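In what follows, a single structure is set out as structure tokens and then discussed.
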2 protein chains.
Amino acid sequence: MNKPLAVLLALLAVPSVADEGMWLINDFPAQRVKEKYGSAPSADDLKRMQLGAVRLANGCSASFVGTNGLVMTNHHCMRPCLEQLSTGGRDLLSNAFLAKTPKDELRCPKDEANQLLAIEDVSARVLKAIAGVEGAELQKKLNAEKAAIESACAGDDPKKRCDVVTLFDGAVFHLYTYKRMQDVRLVFAPEFKMAAFGGDPDNFNFPRFGLDMAFVRIWDGDKPMASPDALQLTKDALKTGDVVYVVGHPGGTERQRTAAQLELQRDVALPWTLLRLAELRGRMDEWVRADKKREAVGGARLRTIENGLKALRGRRETLAGPGFLDERRKLDAALAQKDAKAKAALADIDAAMADARALWVDHKLYEGAEAFQSELFGLARVIVRLNDEIAKPNGERLSEYTDARRPALMQQLQSTAAIPLDFEQATLAWSLERWRNLKGADDPIVKQLLGTRPARDVAKELVTKTKLTDPKVRMAYASGARKLDALPLDPLIELARAIDPHARAVRKAWEDKVEAKETRAAEALAAARRAQAKGQAGQAPDATFSLRVSYGAIGGTKTAPDRTTIGGLLERAGPSHPFALAPTWAKAKPKLDGALPMNYSSTNDMIGGNSGSPLIDAKGRVVGLCFDGNLASLGGRFTYDPIENRAVSVASPAIHEALTKVYGADALAAELFAAR
Amino acid sequence: MNKPLAVLLALLAVPSVADEGMWLINDFPAQRVKEKYGSAPSADDLKRMQLGAVRLANGCSASFVGTNGLVMTNHHCMRPCLEQLSTGGRDLLSNAFLAKTPKDELRCPKDEANQLLAIEDVSARVLKAIAGVEGAELQKKLNAEKAAIESACAGDDPKKRCDVVTLFDGAVFHLYTYKRMQDVRLVFAPEFKMAAFGGDPDNFNFPRFGLDMAFVRIWDGDKPMASPDALQLTKDALKTGDVVYVVGHPGGTERQRTAAQLELQRDVALPWTLLRLAELRGRMDEWVRADKKREAVGGARLRTIENGLKALRGRRETLAGPGFLDERRKLDAALAQKDAKAKAALADIDAAMADARALWVDHKLYEGAEAFQSELFGLARVIVRLNDEIAKPNGERLSEYTDARRPALMQQLQSTAAIPLDFEQATLAWSLERWRNLKGADDPIVKQLLGTRPARDVAKELVTKTKLTDPKVRMAYASGARKLDALPLDPLIELARAIDPHARAVRKAWEDKVEAKETRAAEALAAARRAQAKGQAGQAPDATFSLRVSYGAIGGTKTAPDRTTIGGLLERAGPSHPFALAPTWAKAKPKLDGALPMNYSSTNDMIGGNSGSPLIDAKGRVVGLCFDGNLASLGGRFTYDPIENRAVSVASPAIHEALTKVYGADALAAELFAAR
């Protein structure tokens with residue numbers, strides 16, 4: 001190819017308008033999409049997407065894909081459930097699971113699914129409630145007003161969940177009403193090694209060959225729930241350039257943040273968490289390896305750590321890239337020059353960030369409970385706080401203890417999932433040790449609660465003596481009717497009580513000095529930006545783990561293709577972890593169609609929380625299952641790079657091929673792919 | 001105390017002129033010190049300090065403290081030797097060691113000590129040789145000229161070491177002639193737990209209670225070497241405000257670096273190394289814990305990792321502190337405005353830093369050998385490169401393969417110290433795994449040398465099949481007379497050969513595009529700064545692991561005292577690591593004088609490499625043994641904070657008390673403290 005032509009084609013391959021934005025389902029830029037891709041979803045199509053989408057309370061996305069409550073999501077979204085169900089010789093991570101009949105389906109002890117039924121704009125009411133107040137008072141009034149709206153919406157209906165969603169940095173508030181579904185049962189999951197094929201080296205890379213899928217079913221009483229809104233799967237393969245939509249719940253972006261806020265991320269927040277995860281990854285890998293029995297508990301948790309480490313590493317590298325923050329600083333300065341309120345807001349943020357730096361360590365260690373890392377300590381804290389908060393008026397409680405949030409807390413306390421005690425002991429010991437290393441042995445709180453005693457002994461004593469492993473004991477402590485003091489002392493509850501004043505103090509300082517200022521300033525900045533952008537096309541709000549649609553097209557990058565194939569997977573397979581095939585696949589190999597697409601790469605803008613989102617084509621059919629982004633997408637928290645940022649999905653033809661030719665799940669495949 | 005007086009006293013406590021600077025022994029600011037402290041060392045005093053000081057080739061400082069070759073340094077400086085000598089049931093880390101007679105002294109298989117005999121200014125010669133050249137050519141000519149000067153100086157004398165030391169960023173070059181002493185024998189070391197009392201939580205904190213000391217003796221043939229230049233210890237305690245000198249070999253500072261260079265540190269270099277160390281710390285801690293036998297090998301290495309992690313963490317936090325780099329950027333801009341050459345130099349550095357970012361990962365993984373972390377791979381590389389380099393003219397070799405450097409390489413290859421194979425295998429496996437995670441399984445070099453094979457299997461094969469554990473085998477390969485191909489294949493040599501083209505390529509790119517530009521630019525910037533500072537007092541050059549003297553006074557900070565006591569140590573002691581007393585101390589407890597100072601805090605400017613430096617009083621007597629800095633000193637690489645930065649030393653009275661009342665080392669104490 002001659003050079004000018006090649007350059008021209010390369011330019012054509014770059015979308016003319018970047019596919020940036022995780023759009024509100026009730027504010028979708030259909031006109032813009034139609035101009036670029038020739039078609040766009042209608043209002044009805046968007047409504048179908050909304051009702052077909054499912055949010056998992058654990059932070060993932062999903063979708064109804066069968067009319068009997070059948071839900072599709074990622075394997076990694078169901079991994080905690082698979083671990084909790086792996087007891088008594090059953091190992092749902094090493095082996096695939098397929099429920100032959102509905103009654104073989106296994107209930108996930110902690111999962112909750114939500115379907116978004118309605119959206120209402122409550123901005124006027126919320127903004128009125130917080131008009132003219134600042135600082136601590138602002139945060140208090142905001143919390144109280146949100147709690148009141150949510151309570152009025154959910155009432156006493158345990159099947160209803162109401163959230164006031166903050167959009168555009170506090171300029172807009174929407175009330176989202178969800179149907180709450182708490183009986184989630186496992187239908188199918190492949191082996192962990194096939195879901196996470198390629199492990200850490202392949203994670204966030206493309207080419208990628210993951211079968212990161214799982215199917216669950218929502219039950220209603222003694223039968224599967226009816227789900228007439230289910231989306232339809234197709235096994236048609238997509239072509240390069242085909243338009244596709246990702247419908248799901250991106251967790252959070254910070255694309256509107258100021259340079260000072262991003263500087264805090266780059267210099268304080270991300271290094272802090274990265275160093276914690278790096279050490280934890282090393283520890284956990286060796287801990288698991290030291291004893292065969294630990295694999296079941298630690299293996300998948302390790303994988304979560306590795307995933308977080310790689311994701312945050314990419315995020316930090318984006319912020320630390322040459323000139324990235326300088327550019328942002330120039331944008332801030334330009335805004336400040338044109339708008340006096342924006343200028344004041346930027347100064348407020350600078351002050352808030354200085355406070356954030358000063359509060360950082362204690363906020364993480366105490367309110368973030370990083371000094372006591374364990375599920376049991378988390379439960380102890382819920383009990384302690386529940387007893388304190390329940391006595392207060394709803395609007396004055398810590399935001400996660402309002403009436404509207406109570407069902408989720410109760411589900412957590414009542415969960416019958418086994419708590420792996422040796423793992424609890426190990427993480428608690430690590431975190432106590434880290435706490436002492438960070439604060440020094442002369443710190444008064446360290447001195448009071450740990451002193452120079454060996455962290456391992458302390459952790460062992462706490463974990464072996466606590467009775468909080470028993471949900472009945474937890475519920476007794478949490479009843480609220482009785483005072484904690486009337487019940488037998490529990491060492492973990494005592495620890496949680498001892499630390500709570502410190503945790504509450506630093507949380508209050510954080511909310512008053514950092515969050516309240518950021519909220520107010522963000523509002524002013526959002527207004528200034530809207531004023532400047534007058535006449536131009538609107539922008540999507542930052543992601544907030546609420547329903548969004550992003551559009552894009554199947555496409556690769558300068559160095560990577562737009563898909564991999566089943567044949568590519570078989571070729572990549574090696575003798576051992578993380579590249580080993582499960583025996584089911586090794587056996588099925590001769591029957592498989594190697595030409596079928598395995599994973600797709602597409603330009604959709606998405607981020608963590610979108611895991612499990614359906615990939616939907618122009619006809620509204622599910623053509624894939626989003627499970628990852630590429631390396632460039634890791635900076636997606638702060639920016640969208642149209643040249644390199646890509647979403648990665650399991651291709652629907654591979655889902656069909658795996659179910660029918662590898663796992664003998666023909667009935668499930670029929671349920672998914674049958675035309676409706 | 002009334003408030004104005006308290007404020008006044010607080011102000012008085014802050015030195016009027018900061019005690020900043022690690023000064024050349026032949027350019028000491030005696031006048032400035034005299035003005036501030038009322039006295040200063042004479043030229044003769046400085047000469048005595050020079051000859052009393054000892055440099056350890058492993059990166060530490062030390063001093064002659066007895067006329068029969070007796071040398072004092074830190075326990076942590078001798079730790080590798082203690083590990084190497086811990087064989088056949090002898091455990092020199094768990095137990096203290098005391099040689100009752102000279103013939104009981106144990107030779108350290110790898111240690112080398114140097115005494116600085118003479119300094120000559122060779123700036124004119126070096127600057128002439130590199131006049132008018134740039135880039136790759138500059139680096140080549142510089143290396144060749146330095147090699148020629150060093151060769152001419154050392155000749156064939158194996159007891160002479162000659163180094164051309166680069167000062168003031170390449171504006172000044174001094175030739176340092178050392179006496180090389182390779183027979184270093186262990187005389188005394190306390191238990192590791194007493195040397196490192198307080199472990200990671202106390203490290204870099206003050207109050208501190210470390211007995212971080214060791215004594216070795218230099219032998220000359222079959223008898224202890226005469227060392228008439230030995231310094232004199234005193235057990236007199238120091239008072240607050242007493243002037244003290246630290247004489248030693250600070251490893252490196254970057255106080256003259258530009259904002260762009262420090263930005264690379266903050267954004268790339270430090271996060272890279274911190275994340276590696278954090279993971280390694282977690283791994284190694286668990287690895288050691290998984291098997292009792294591993295403590296001897298891994299325990300002290302773990303401590304080294306923890307020390308590095310904490311030190312670099314502090315370094316990064318200084319650079320990431322609010323406004324730190326902005327200030328530096330303003331200084332750069334001011335210089336650029338006044339000096340056109342400085343402006344061009346700053347632009348060159350910006351370009352060099354962009355290249356450094358691009359080259360970073362490969363430079364670390366391949367030339368830095370981080371992908372193959374193990375002592376055995378290091379030996380394999382020395383063998384491979386020695387065979388290649390020996391054929392070239394001296395001036396054209398890689399800088400560490402010149403004739404002047406050869407004795408050190410040979411000592412490394414000939415060392416009889418045992419190499420712990422299980423540890424080698426573990427670190428090699430970790431680093432191979434990390435390499436694949438960082439570069440991805442599709443990287444061509446990864447594909448060629450590791451592929452999708454399990455890193456642990458590859459590491460096991462390499463470590464069990466190599467014959468490089470045997471010094472005789474290593475010497476046969478390294479003879480240079482024979483070609484490598486004439487000898488049996490060794491898998492580690494093959495690996496080192498396979499990687500060497502990649503390592504050399506990235507090293508060359510680094511030297512040409514980064515180092516050469518930095519050198520030239522630093523020279524221009526140093527000249528511009530000198531021009532601007534005309535008439536003002538001189539500055540000390542950045543540290544370069546060459547002999548320096550820093551001055552200061554015994555003093556605490558706003559929150560910490562200026563000393564701890566033996567009584568404080570006994571009070572802090574707890575039942576277990578890292579706060580447990582050794583049984584020797586528990587037994588001696590009733591006899592000890594709790595009022596004696598244990599560790600001192602002083603304002604001396606120092607940094608890593610100064611470990612083991614004597615602390616010397618106004619009378620030229622050794623009053624302490626420098627082993628650490630406080631947390632604020634960790635940013636000392638980039639800045640000196642007079643309010644908070646403190647050096648930490650073992651007080652000489654504690655040395656005397658420990659030797660005589662705890663360890664029964666009265667003869668050694670007499671040798672040290674006897675008036676001469």
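How things are named: the first chain in the structure tokens is A, the next is B, and so on; residues count from 1 in each chain; ligands count from 1 in the order shown.
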Next item on the list: Starting from chain B, keep only residues with some atom at most 7 Å from an atom of chain A, counting only C-alpha atoms, and report them as a PyMOL selection string.
Entry: chain B and resi 200-202+267+275+278-283+286-287+290+320+436-437+440-441+452-454+574-577+579
Next item on the list: Skip Gln182 in chain B itself and residues of its chain fewer than 4 positions away, then list as a PyMOL selection string all residues within 9 Å of it, counting only C-alpha atoms.
Entry: chain B and resi 110-114+159+218-220+411
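With only C-alpha atoms taken into account, the protein and nucleic acid residues at most 10 Å from Leu346 in chain A (excluding it and anything under 3 positions from it in its own chain) are A:Thr258, A:Ala259, A:Ala260, A:Gln261, A:Asp332, A:Ala333, A:Leu335, A:Ala336, A:Ala340, A:Lys341, A:Ala342, A:Lys343, A:Ile349, A:Asp350, A:Ala351, A:Ala352, A:Glu518, A:Ala521, A:Ala522, A:Ala524, A:Leu525.
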Check: What are the DSSP helix (DSSP H, G or I) residues of range 481-515 of chain A, as JSON, numbers by chain?
Finding: {"A": [484, 485, 486, 491, 492, 493, 494, 495, 496, 497, 498, 499, 500, 501, 502, 503, 504, 505, 506, 507, 508, 509, 510, 511, 512, 513, 514, 515]}
Tyr600 in chain A surroundings by only C-alpha atoms, 9 Å radius, close-in-sequence under 2 positions cut, as a compact mmCIF listing (two decimals) with N, CA, C and O atoms, in the first residue's frame:
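Saved file around.txt follows:
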```txt
# COMPACT_ATOMS: atom_id res chain seq x y z
N ARG A 208 -7.36 -11.36 23.87
CA ARG A 208 -7.84 -11.92 25.12
C ARG A 208 -8.74 -13.11 24.80
O ARG A 208 -9.39 -13.11 23.74
N LEU A 238 -20.62 -10.68 14.77
CA LEU A 238 -20.58 -9.27 14.35
C LEU A 238 -19.46 -9.04 13.36
O LEU A 238 -18.47 -9.78 13.32
N ILE A 554 -17.61 -2.29 16.80
CA ILE A 554 -16.61 -3.35 16.87
C ILE A 554 -15.36 -2.86 16.15
O ILE A 554 -15.43 -2.43 15.00
N GLY A 555 -14.22 -2.86 16.85
CA GLY A 555 -13.01 -2.36 16.22
C GLY A 555 -11.78 -2.63 17.07
O GLY A 555 -11.86 -2.69 18.30
N GLY A 556 -10.64 -2.79 16.40
CA GLY A 556 -9.38 -3.02 17.10
C GLY A 556 -8.65 -1.72 17.34
O GLY A 556 -9.25 -0.64 17.33
N PRO A 561 -6.21 -6.70 17.02
CA PRO A 561 -7.36 -6.97 16.16
C PRO A 561 -8.66 -6.65 16.89
O PRO A 561 -8.64 -6.26 18.06
N ASP A 562 -9.79 -6.80 16.20
CA ASP A 562 -11.07 -6.49 16.85
C ASP A 562 -11.73 -7.72 17.45
O ASP A 562 -12.82 -7.62 17.99
N ARG A 563 -11.08 -8.88 17.33
CA ARG A 563 -11.66 -10.08 17.93
C ARG A 563 -10.59 -11.16 18.07
O ARG A 563 -9.55 -11.10 17.42
N THR A 564 -10.87 -12.13 18.92
CA THR A 564 -10.08 -13.35 18.92
C THR A 564 -11.05 -14.48 18.57
O THR A 564 -12.26 -14.27 18.52
N PRO A 597 -15.91 -16.32 16.71
CA PRO A 597 -15.29 -15.30 17.57
C PRO A 597 -15.37 -15.71 19.04
O PRO A 597 -16.39 -16.24 19.49
N MET A 598 -14.28 -15.47 19.76
CA MET A 598 -14.23 -15.78 21.19
C MET A 598 -14.50 -14.50 21.98
O MET A 598 -15.44 -14.43 22.75
N SER A 602 -14.36 -3.51 21.26
CA SER A 602 -15.23 -2.46 20.70
C SER A 602 -14.92 -1.12 21.35
O SER A 602 -14.30 -1.07 22.41
N GLY A 624 -23.07 -10.16 22.90
CA GLY A 624 -21.87 -10.42 23.69
C GLY A 624 -22.09 -10.05 25.15
O GLY A 624 -23.15 -9.56 25.54
N CYS A 626 -19.98 -8.12 28.12
CA CYS A 626 -18.83 -7.27 28.43
C CYS A 626 -18.18 -7.75 29.74
O CYS A 626 -18.87 -7.98 30.73
N ALA A 647 -13.45 -1.73 24.91
CA ALA A 647 -14.18 -2.65 25.77
C ALA A 647 -13.98 -4.07 25.24
O ALA A 647 -13.84 -4.26 24.03
N VAL A 648 -13.99 -5.05 26.14
CA VAL A 648 -13.78 -6.45 25.73
C VAL A 648 -14.96 -7.30 26.21
O VAL A 648 -15.36 -7.22 27.37
N SER A 649 -15.52 -8.09 25.28
CA SER A 649 -16.71 -8.88 25.58
C SER A 649 -16.54 -10.33 25.12
O SER A 649 -15.85 -10.61 24.15
N VAL A 650 -17.20 -11.24 25.84
CA VAL A 650 -17.31 -12.61 25.34
C VAL A 650 -18.32 -12.57 24.18
O VAL A 650 -19.42 -12.03 24.32
N ALA A 651 -17.95 -13.12 23.04
CA ALA A 651 -18.83 -13.10 21.86
C ALA A 651 -19.95 -14.13 22.03
O ALA A 651 -19.70 -15.25 22.50
```
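Straight-line separation from CA of Ser550 in chain B to CA of Arg637 in chain B: 14.7 Å.
Interatomic distance, CA of Ala345 in chain A against CA of Ala526 in chain A: 10.4 Å.
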Next item on the list: Using only C-alpha atoms, find the one residue out of B:Asp388, B:Asp45, B:Asp326, B:Glu644 that sits nearest to Asn630 in chain B.
Entry: B:Glu644
